[in-house]
$ cat query_20.txt   # compact mmCIF, C-alpha atoms
# COMPACT_ATOMS: atom_id res chain seq x y z
CA MET V 20 7.37 10.41 15.93
CA ARG V 21 9.36 7.78 17.75
CA PRO V 22 11.75 5.77 15.61
CA ILE V 23 10.83 2.17 14.97
CA VAL V 24 13.52 -0.23 16.14
CA PRO V 25 13.94 -2.70 13.27
CA GLN V 26 13.32 -6.29 14.26
CA PRO V 27 16.04 -8.68 13.15
CA LYS V 28 14.87 -10.92 10.36
CA GLY V 29 13.61 -14.16 11.75
CA ALA V 30 12.83 -12.68 15.19
CA ARG V 31 9.51 -13.98 16.38
CA GLU V 32 6.83 -11.52 17.33
CA ASP V 33 3.29 -11.79 18.62
CA VAL V 34 0.72 -9.73 16.76
CA ILE V 35 -2.98 -9.10 17.27
CA LEU V 36 -5.14 -9.42 14.16
CA PHE V 37 -7.96 -6.94 13.66
CA THR V 38 -10.22 -5.77 10.85
CA VAL V 39 -11.04 -2.34 9.48
CA GLY V 40 -13.34 -1.80 6.52
CA GLY V 41 -13.13 -5.46 5.58
CA PHE V 42 -9.33 -5.50 5.59
CA ARG V 43 -7.33 -7.64 7.97
CA LEU V 44 -4.41 -5.93 9.66
CA ALA V 45 -2.05 -6.74 12.51
CA ILE V 46 -0.47 -4.79 15.34
CA ALA V 47 2.38 -5.79 17.62
CA ALA V 48 0.86 -7.33 20.73
CA ASN V 49 3.30 -5.47 22.96
CA ALA V 50 2.04 -2.16 21.55
CA VAL V 51 -1.46 -2.77 22.97
CA SER V 52 -2.25 -2.47 26.66
CA GLU V 53 -5.94 -3.32 26.49
CA ILE V 54 -8.68 -4.43 24.10
CA ARG V 55 -12.09 -3.19 25.14
CA GLY V 56 -15.53 -2.17 23.91
CA LEU V 57 -16.62 1.32 22.99
CA GLU V 58 -18.38 2.12 26.26
CA ASP V 59 -17.36 5.28 28.15
CA LEU V 60 -16.14 7.17 25.08
CA GLN V 61 -16.64 10.91 25.20
CA ARG V 62 -17.43 12.98 22.14
CA PHE V 63 -14.47 15.13 21.08
CA THR V 64 -15.00 17.88 18.52
CA LEU V 65 -11.64 19.62 18.58
CA GLY V 66 -9.94 16.95 16.46
CA ALA V 67 -11.60 18.20 13.30
CA THR V 68 -10.75 21.77 14.28
CA TYR V 69 -7.02 21.24 14.53
CA LEU V 70 -6.07 18.19 12.47
CA ARG V 71 -6.10 17.90 8.69
CA THR V 72 -7.81 14.52 8.79
CA ALA V 73 -10.95 14.19 10.88
CA LYS V 74 -9.94 10.91 12.45
CA ILE V 75 -10.59 11.67 16.12
CA ASP V 76 -14.20 11.89 17.27
CA PHE V 77 -13.83 10.58 20.82
CA THR V 78 -11.61 10.53 23.87
CA LEU V 79 -11.39 7.97 26.64
CA GLU V 80 -10.66 8.91 30.25
CA ARG V 81 -8.73 6.10 31.85
CA ASN V 82 -6.59 6.10 35.00
CA GLY V 83 -6.63 9.88 35.08
CA ARG V 84 -5.31 10.22 31.53
CA THR V 85 -7.06 11.35 28.37
CA TYR V 86 -6.66 8.93 25.45
CA PHE V 87 -7.37 10.22 21.95
CA VAL V 88 -9.40 7.68 20.00
CA VAL V 89 -8.33 7.35 16.36
CA ASN V 90 -10.91 6.04 13.91
CA ALA V 91 -8.86 3.48 11.98
CA ALA V 92 -11.09 3.66 8.89
CA GLN V 93 -10.48 7.40 8.66
CA HIS V 94 -6.79 6.93 9.33
CA PHE V 95 -6.51 4.49 6.40
CA ARG V 96 -8.78 6.71 4.23
CA LEU V 97 -11.40 3.96 3.97
CA PRO V 98 -15.17 4.43 3.72
CA PRO V 99 -16.89 4.71 7.09
CA SER V 100 -17.10 1.36 8.85
CA THR V 101 -18.73 0.10 12.03
CA PRO V 102 -16.21 -0.01 14.85
CA THR V 103 -16.97 -2.26 17.79
CA ARG V 104 -13.64 -2.57 19.58
CA LEU V 105 -10.95 -0.32 20.94
CA LEU V 106 -7.23 -1.07 21.02
CA VAL V 107 -5.72 1.04 23.78
CA LEU V 108 -2.08 1.60 22.94
CA ARG V 109 0.79 1.29 25.36
CA GLN V 110 3.31 4.10 25.90
CA THR V 111 1.15 6.70 24.18
CA GLU V 112 -2.18 8.30 24.93
CA ALA V 113 -3.92 6.97 21.86
CA ALA V 114 -6.47 4.27 21.24
CA ILE V 115 -7.62 2.82 17.93
CA GLN V 116 -11.25 2.19 16.96
CA VAL V 117 -11.42 -0.98 14.85
CA ASP V 118 -14.28 -3.03 13.44
CA SER V 119 -13.31 -6.23 15.22
CA THR V 120 -10.40 -8.03 16.77
CA ASP V 121 -9.51 -11.56 15.80
CA ARG V 122 -6.79 -13.60 17.45
CA MET V 123 -3.15 -13.36 18.40
CA MET V 124 -0.60 -14.93 16.08
CA GLU V 125 3.14 -15.31 16.01
CA ILE V 126 5.04 -14.09 12.97
CA SER V 127 8.64 -14.93 12.21
CA VAL V 128 9.30 -12.80 9.13
CA LEU V 129 8.29 -9.23 8.47
CA HIS V 130 8.61 -8.45 4.75
CA ALA V 131 9.57 -4.88 3.91
CA LEU V 132 6.84 -2.96 2.15
CA PRO V 133 7.78 -3.08 -1.55
CA GLN V 134 9.39 0.13 -2.80
CA ALA V 135 6.60 0.41 -5.37
CA PHE V 136 4.41 1.65 -2.54
CA THR V 137 5.17 5.34 -2.24
CA GLY V 138 2.16 6.87 -0.47
CA ASP V 139 1.10 7.31 3.14
CA GLU V 140 1.27 3.54 3.57
CA ARG V 141 5.03 3.80 3.95
CA ASN V 142 4.33 5.41 7.31
CA TRP V 143 1.24 3.36 8.12
CA TYR V 144 2.96 -0.03 8.04
CA ARG V 145 6.08 -1.52 9.58
CA GLY V 146 5.96 -4.25 6.97
CA LEU V 147 3.95 -7.16 5.63
CA ALA V 148 3.45 -10.54 7.25
CA VAL V 149 2.44 -13.60 5.25
CA MET V 150 0.10 -15.85 7.23
CA ASN V 151 -0.96 -19.07 5.51
CA GLY V 152 -0.51 -17.36 2.16
CA ASP V 153 -2.43 -14.25 3.19
CA VAL V 154 -0.61 -10.92 3.19
CA VAL V 155 -1.36 -8.95 6.35
CA PRO V 156 0.09 -5.47 6.87
CA VAL V 157 1.59 -4.94 10.32
CA VAL V 158 0.72 -1.41 11.33
CA ASN V 159 3.11 1.16 12.72
CA GLN V 160 1.46 2.01 16.01
CA ASN V 161 3.24 5.37 16.11
CA ALA V 162 1.64 6.51 12.85
CA PHE V 163 -1.91 6.77 14.17
CA LEU V 164 -1.06 10.00 15.97
CA SER V 165 2.28 11.70 15.50
CA ARG V 166 3.98 13.39 18.43
CA ALA V 167 3.13 16.76 16.93
CA GLU V 168 -0.55 15.84 16.51
CA MET V 169 -0.63 14.52 20.06
CA ALA V 170 0.90 17.75 21.40
CA VAL V 171 -1.70 19.86 19.56
CA LEU V 172 -4.58 17.74 20.85
CA LYS V 173 -3.30 17.72 24.44
CA THR V 174 -2.91 21.48 24.37
CA ALA V 175 -6.42 21.88 23.00
CA VAL V 176 -7.84 19.68 25.78
CA GLN V 177 -5.92 21.54 28.46
CA ARG V 178 -7.21 24.88 27.16
CA VAL V 179 -10.79 23.61 27.24
CA LYS V 180 -10.35 22.19 30.74
CA GLY V 181 -8.70 25.44 31.85
CA ALA V 182 -11.54 27.53 30.43
CA ALA V 183 -14.12 25.29 32.12
CA ALA V 184 -12.37 25.64 35.48
CA VAL V 185 -12.40 29.46 35.37
CA MET Q 26 19.67 -10.17 -35.34
CA SER Q 27 20.87 -7.01 -37.13
CA SER Q 28 22.98 -4.46 -35.27
CA GLY Q 29 19.99 -2.21 -34.54
CA GLU Q 30 17.73 -5.00 -33.35
CA LYS Q 31 16.89 -5.48 -29.70
CA SER Q 32 14.82 -8.00 -27.80
CA PHE Q 33 11.40 -7.11 -26.48
CA VAL Q 34 8.53 -8.89 -24.80
CA SER Q 35 5.25 -7.83 -26.34
CA PHE Q 36 2.03 -8.20 -24.42
CA PRO Q 37 -1.65 -7.60 -25.21
CA LEU Q 38 -3.97 -5.25 -23.39
CA GLY Q 39 -7.31 -5.67 -25.06
CA LYS Q 40 -6.97 -5.09 -28.80
CA LYS Q 41 -3.59 -3.37 -28.60
CA ARG Q 42 -0.11 -4.72 -27.99
CA PHE Q 43 2.67 -3.04 -26.07
CA ALA Q 44 6.23 -4.10 -25.29
CA PHE Q 45 8.86 -3.92 -22.59
CA HIS Q 46 12.58 -4.36 -23.11
CA ALA Q 47 13.23 -8.08 -22.70
CA GLU Q 48 16.02 -7.55 -20.15
CA ASP Q 49 13.47 -6.01 -17.77
CA VAL Q 50 11.14 -9.02 -17.90
CA THR Q 51 11.59 -11.94 -15.54
CA GLU Q 52 8.72 -14.26 -16.44
CA LEU Q 53 5.11 -14.63 -17.45
CA ALA Q 54 3.07 -15.91 -14.53
CA LYS Q 55 -0.28 -17.65 -14.42
CA PRO Q 56 -3.23 -15.98 -12.76
CA ASP Q 57 -2.69 -15.69 -9.05
CA ARG Q 58 -4.64 -14.43 -6.07
CA LEU Q 59 -4.53 -10.66 -5.92
CA GLN Q 60 -4.43 -9.48 -2.33
CA VAL Q 61 -5.37 -5.94 -1.38
CA PHE Q 62 -4.90 -3.73 1.67
CA PRO Q 63 -5.28 0.01 2.28
CA HIS Q 64 -2.72 2.18 0.49
CA ARG Q 65 -2.47 5.49 -1.36
CA THR Q 66 -0.24 4.72 -4.34
CA GLY Q 67 -1.80 5.23 -7.75
CA LEU Q 68 -1.96 2.32 -10.22
CA LEU Q 69 -1.07 -0.27 -7.57
CA ALA Q 70 -3.83 -2.87 -7.48
CA GLY Q 71 -2.44 -4.96 -4.63
CA VAL Q 72 0.15 -7.68 -4.17
CA LEU Q 73 0.80 -11.31 -5.04
CA VAL Q 74 2.81 -13.82 -3.06
CA ARG Q 75 5.17 -15.49 -5.47
CA ARG Q 76 8.01 -17.82 -4.51
CA GLY Q 77 8.00 -16.42 -1.01
CA ARG Q 78 8.17 -12.83 -2.19
CA VAL Q 79 5.50 -10.17 -1.84
CA VAL Q 80 5.16 -8.76 -5.36
CA PRO Q 81 3.31 -5.48 -5.99
CA VAL Q 82 0.80 -5.51 -8.87
CA LEU Q 83 0.85 -2.43 -11.08
CA ASP Q 84 -2.23 -2.11 -13.28
CA VAL Q 85 -0.89 -0.11 -16.21
CA ALA Q 86 -3.93 -0.93 -18.37
CA GLN Q 87 -5.77 2.05 -16.86
CA VAL Q 88 -3.18 4.33 -18.44
CA LEU Q 89 -2.40 2.45 -21.64
CA VAL Q 90 -5.93 1.52 -22.79
CA GLY Q 91 -8.25 3.24 -20.32
CA PRO Q 92 -10.90 1.96 -17.94
CA ASP Q 93 -12.53 -0.42 -20.43
CA ALA Q 94 -9.63 -2.85 -20.58
CA PRO Q 95 -10.84 -6.46 -20.60
CA PRO Q 96 -10.08 -8.74 -17.66
CA ARG Q 97 -6.40 -9.43 -17.25
CA LYS Q 98 -5.47 -13.12 -17.42
CA PHE Q 99 -1.74 -13.31 -16.74
CA TYR Q 100 0.96 -11.41 -14.90
CA LEU Q 101 4.14 -10.28 -16.59
CA ILE Q 102 6.80 -10.11 -13.89
CA VAL Q 103 9.25 -7.28 -14.53
CA ASN Q 104 12.22 -5.90 -12.64
CA ARG Q 105 11.96 -2.32 -11.47
CA GLN Q 106 14.97 -0.36 -10.29
CA PHE Q 107 14.74 1.60 -7.04
CA GLY Q 108 18.13 3.22 -6.54
CA ALA Q 109 20.58 0.37 -6.18
CA ARG Q 110 17.80 -2.12 -5.52
CA GLN Q 111 15.76 -4.15 -7.96
CA GLU Q 112 12.26 -5.28 -7.17
CA TRP Q 113 9.79 -7.50 -8.94
CA THR Q 114 6.54 -5.93 -10.11
CA ALA Q 115 3.64 -7.86 -11.64
CA ILE Q 116 1.92 -6.29 -14.63
CA PRO Q 117 -1.53 -7.75 -15.43
CA VAL Q 118 -1.94 -8.49 -19.15
CA THR Q 119 -4.86 -9.87 -21.13
CA GLY Q 120 -3.24 -12.67 -23.10
CA GLU Q 121 -0.10 -14.48 -24.20
CA CYS Q 122 3.18 -12.61 -24.42
CA GLU Q 123 5.74 -12.93 -27.18
CA LEU Q 124 9.50 -12.53 -27.31
CA ILE Q 125 10.46 -10.54 -30.41
CA SER Q 126 13.61 -9.06 -31.92
CA ALA Q 127 13.15 -5.83 -33.80
CA GLU Q 128 14.72 -2.48 -34.48
CA PRO Q 129 12.76 0.20 -32.65
CA VAL Q 130 11.81 3.50 -34.26
CA ALA Q 131 12.00 6.67 -32.19
CA PRO Q 132 8.49 7.88 -31.37
CA SER Q 133 7.18 11.30 -32.35
CA SER Q 134 6.90 14.04 -29.78
CA LYS Q 135 3.13 13.60 -29.89
CA MET Q 136 3.38 10.20 -28.25
CA PRO Q 137 3.17 9.95 -24.46
CA HIS Q 138 6.51 10.45 -22.74
CA TYR Q 139 6.57 6.85 -21.51
CA VAL Q 140 6.60 5.48 -25.08
CA THR Q 141 10.30 5.11 -25.83
CA GLY Q 142 10.07 3.36 -29.20
CA LEU Q 143 7.78 1.88 -31.84
CA LEU Q 144 7.92 -1.59 -33.35
CA THR Q 145 5.99 -3.19 -36.16
CA LEU Q 146 4.69 -6.70 -35.53
CA ASN Q 147 2.38 -8.53 -37.97
CA GLY Q 148 1.16 -5.27 -39.44
CA GLU Q 149 0.52 -3.75 -36.06
CA ILE Q 150 2.38 -0.87 -34.39
CA VAL Q 151 3.56 -1.80 -30.92
CA GLU Q 152 4.51 0.86 -28.40
CA VAL Q 153 7.61 0.17 -26.29
CA VAL Q 154 6.81 1.33 -22.78
CA SER Q 155 9.17 2.58 -20.08
CA LEU Q 156 7.58 1.52 -16.83
CA ALA Q 157 9.65 4.01 -14.83
CA LYS Q 158 8.46 6.93 -16.95
CA LEU Q 159 4.88 5.74 -16.95
CA VAL Q 160 4.80 5.48 -13.16
CA SER Q 161 6.51 8.82 -12.60
CA GLU Q 162 3.96 10.54 -14.85
CA GLU Q 163 0.80 8.74 -13.90
CA ALA Q 164 1.30 7.79 -10.26
CA PRO Q 165 3.73 10.30 -8.79
CA ALA Q 166 4.75 9.77 -5.18

$ encode --input "query_20.txt" --output "structure tokens"
Amino acid sequence: MRPIVPQPKGAREDVILFTVGGFRLAIAANAVSEIRGLEDLQRFTLGATYLRTAKIDFTLERNGRTYFVVNAAQHFRLPPSTPTRLLVLRQTEAAIQVDSTDRMMEISVLHALPQAFTGDERNWYRGLAVMNGDVVPVVNQNAFLSRAEMAVLKTAVQRVKGAAAV
Amino acid sequence: MSSGEKSFVSFPLGKKRFAFHAEDVTELAKPDRLQVFPHRTGLLAGVLVRRGRVVPVLDVAQVLVGPDAPPRKFYLIVNRQFGARQEWTAIPVTGECELISAEPVAPSSKMPHYVTGLLTLNGEIVEVVSLAKLVSEEAPA
């Protein structure tokens, strides 16, 4: 997993707000290359074969690359939701299925996640933003698929493509 | 205050009262808006925003009195130690809190590990609770 470069306190940052399972979350705007609908997704069954959490049901072929589509509700261990939008991430071959996207906002302070939180959320979030009194977690875009998970999935896809070509 | 007496803040959870060491308690706060987001830490109910800080809310009533605890009305803000750092944590309680001075009695080995002492208050036995021990037993990382 790539290290997160800590933002200096007070540095301004644009984030995109989105919802998953009724929760509002944010992601750094510069981590997203495209917001799109769910058209052109291809069913992918190998995710459940190789990964502990069944969070990848689809891939997206785009510009000659295979993007692994992470179901955000599964990632956050939430009940199944109804995704309608896709956040295609920059600098990684992953995309995130979310229920909806809202608007872009600028945040100036990213609060550290309180130490009382000790579970997976320590990896899920870069920190917490407070927007008009509302606490909105800012997700760690690198947590949706670790480098190791990505390597396993890419290898699985290449093996399938190789077998199909024979 | 006699030499063995210490200060405690007692708080109600339903029909029972419990206590924290007074030096760990920062304030009693009025009801505030609990905000929730996905997480995987046991006992944490969400967070409050208080004086510009994001304060985690730890619902110890599930452990101390079980699932039938009545609605919590106030938040007791306590300091928790994380290594060299201190952090506020809000504990939902069901009524008014009380500052008391008393000499604690060591609990029997049959009491839960997080009960570090017993007090008597108005004919009632009050369990002194160590939040650190309670969390480490009931919501391990």

$ residues_around --input "query_20.txt" --residues "Ala148 in chain V" --least-positions-apart "2" --cutoff "10 Å" --atoms "only C-alpha atoms" --output "PyMOL selection string"
(chain V and resi 34+44-45+125-132+145-146+150-157) or (chain Q and resi 79)

$ residues_near_point --input "query_20.txt" --point "(-7.4, -10.2, -19.5)" --cutoff "10 Å" --atoms "all atoms listed in the file" --output "PyMOL selection string"
chain Q and resi 37-39+56+86+94-100+117-121

$ write_last_selection --input "query_20.txt" --atoms "C-alpha atoms" --output "short mmCIF file (atom, residue, chain, number, x, y, z; two decimals), in the frame of the given file"
data_model
loop_
_atom_site.label_atom_id
_atom_site.label_comp_id
_atom_site.auth_asym_id
_atom_site.auth_seq_id
_atom_site.Cartn_x
_atom_site.Cartn_y
_atom_site.Cartn_z
CA PRO Q 37 -1.65 -7.60 -25.21
CA LEU Q 38 -3.97 -5.25 -23.39
CA GLY Q 39 -7.31 -5.67 -25.06
CA PRO Q 56 -3.23 -15.98 -12.76
CA ALA Q 86 -3.93 -0.93 -18.37
CA ALA Q 94 -9.63 -2.85 -20.58
CA PRO Q 95 -10.84 -6.46 -20.60
CA PRO Q 96 -10.08 -8.74 -17.66
CA ARG Q 97 -6.40 -9.43 -17.25
CA LYS Q 98 -5.47 -13.12 -17.42
CA PHE Q 99 -1.74 -13.31 -16.74
CA TYR Q 100 0.96 -11.41 -14.90
CA PRO Q 117 -1.53 -7.75 -15.43
CA VAL Q 118 -1.94 -8.49 -19.15
CA THR Q 119 -4.86 -9.87 -21.13
CA GLY Q 120 -3.24 -12.67 -23.10
CA GLU Q 121 -0.10 -14.48 -24.20
#

$ atom_distance --input "query_20.txt" --atom1 "CA of Leu65 in chain V" --atom2 "CA of Val51 in chain V"
25.0 Å

$ closest_atom_pairs --input "query_20.txt" --of "chain V" --to "chain Q" --cutoff "6 Å" --atoms "all atoms listed in the file" --output "JSON lines"
{"residue": "V:Phe136", "atom": "CA", "partner": "Q:Thr66", "partner_atom": "CA", "distance": 5.9}
{"residue": "V:Thr137", "atom": "CA", "partner": "Q:Ala166", "partner_atom": "CA", "distance": 5.3}
{"residue": "V:Gly138", "atom": "CA", "partner": "Q:Arg65", "partner_atom": "CA", "distance": 4.9}
{"residue": "V:Glu140", "atom": "CA", "partner": "Q:His64", "partner_atom": "CA", "distance": 5.2}

$ write_last_selection --input "query_20.txt" --atoms "C-alpha atoms" --output "JSON list (two decimals), keeping the file's coordinate frame"
[["chain", "number", "residue", "atom", "x", "y", "z"],
["V", 136, "PHE", "CA", 4.41, 1.65, -2.54],
["V", 137, "THR", "CA", 5.17, 5.34, -2.24],
["V", 138, "GLY", "CA", 2.16, 6.87, -0.47],
["V", 140, "GLU", "CA", 1.27, 3.54, 3.57]]

$ atom_distance --input "query_20.txt" --atom1 "CA of Glu58 in chain V" --atom2 "CA of Ala167 in chain V"
27.6 Å

$ atom_distance --input "query_20.txt" --atom1 "CA of Gly91 in chain Q" --atom2 "CA of Ser133 in chain Q"
21.2 Å

$ residues_near_point --input "query_20.txt" --point "(-18.0, 8.9, 28.0)" --cutoff "12 Å" --atoms "all atoms listed in the file" --output "compact mmCIF listing (two decimals) with C-alpha atoms, keeping the file's coordinate frame"
# COMPACT_ATOMS: atom_id res chain seq x y z
CA LEU V 57 -16.62 1.32 22.99
CA GLU V 58 -18.38 2.12 26.26
CA ASP V 59 -17.36 5.28 28.15
CA LEU V 60 -16.14 7.17 25.08
CA GLN V 61 -16.64 10.91 25.20
CA ARG V 62 -17.43 12.98 22.14
CA PHE V 63 -14.47 15.13 21.08
CA ASP V 76 -14.20 11.89 17.27
CA PHE V 77 -13.83 10.58 20.82
CA THR V 78 -11.61 10.53 23.87
CA LEU V 79 -11.39 7.97 26.64
CA GLU V 80 -10.66 8.91 30.25
CA ARG V 81 -8.73 6.10 31.85
CA THR V 85 -7.06 11.35 28.37
CA TYR V 86 -6.66 8.93 25.45
CA VAL V 88 -9.40 7.68 20.00

$ residues_around --input "query_20.txt" --residues "Phe36 in chain Q" --least-positions-apart "4" --cutoff "7 Å" --atoms "all atoms listed in the file" --output "PyMOL selection string"
chain Q and resi 42-44+118+121-123

$ axis_aligned_box --input "query_20.txt" --around "range 165-173 of chain V" --padding-each-side "4 Å" --output "lines of an AutoDock Vina configuration file"
center_x = -0.3
center_y = 15.8
center_z = 20.0
size_x = 16.6
size_y = 16.2
size_z = 16.9

$ closest_residue --input "query_20.txt" --among "V:Ile54, V:Pro99, V:Asp118, V:Leu105" --to "Phe42 in chain V" --atoms "only C-alpha atoms"
V:Asp118

$ closest_residue --input "query_20.txt" --among "Q:Ile116, Q:Tyr139, Q:Ser32, Q:Leu89" --to "Ala70 in chain Q" --atoms "only C-alpha atoms"
Q:Ile116

$ residues_around --input "query_20.txt" --residues "Arg55 in chain V" --least-positions-apart "4" --cutoff "8 Å" --atoms "only C-alpha atoms" --output "compact mmCIF listing (two decimals) with C-alpha atoms, in the coordinates of the input"
# COMPACT_ATOMS: atom_id res chain seq x y z
CA ARG V 104 -13.64 -2.57 19.58
CA LEU V 105 -10.95 -0.32 20.94
CA LEU V 106 -7.23 -1.07 21.02
CA VAL V 107 -5.72 1.04 23.78

$ residues_around --input "query_20.txt" --residues "Thr64 in chain V" --least-positions-apart "5" --cutoff "12 Å" --atoms "all atoms listed in the file" --output "list of chain:residue names"
V:Tyr69, V:Leu70, V:Ala73, V:Lys74, V:Ile75, V:Asp76, V:Phe77, V:Thr78, V:Phe87, V:Val88, V:Leu172, V:Ala175, V:Val176, V:Val179

$ closest_residue --input "query_20.txt" --among "V:Gln134, V:Ala47, V:Leu36, V:Ile115" --to "Asn159 in chain V" --atoms "only C-alpha atoms"
V:Ala47
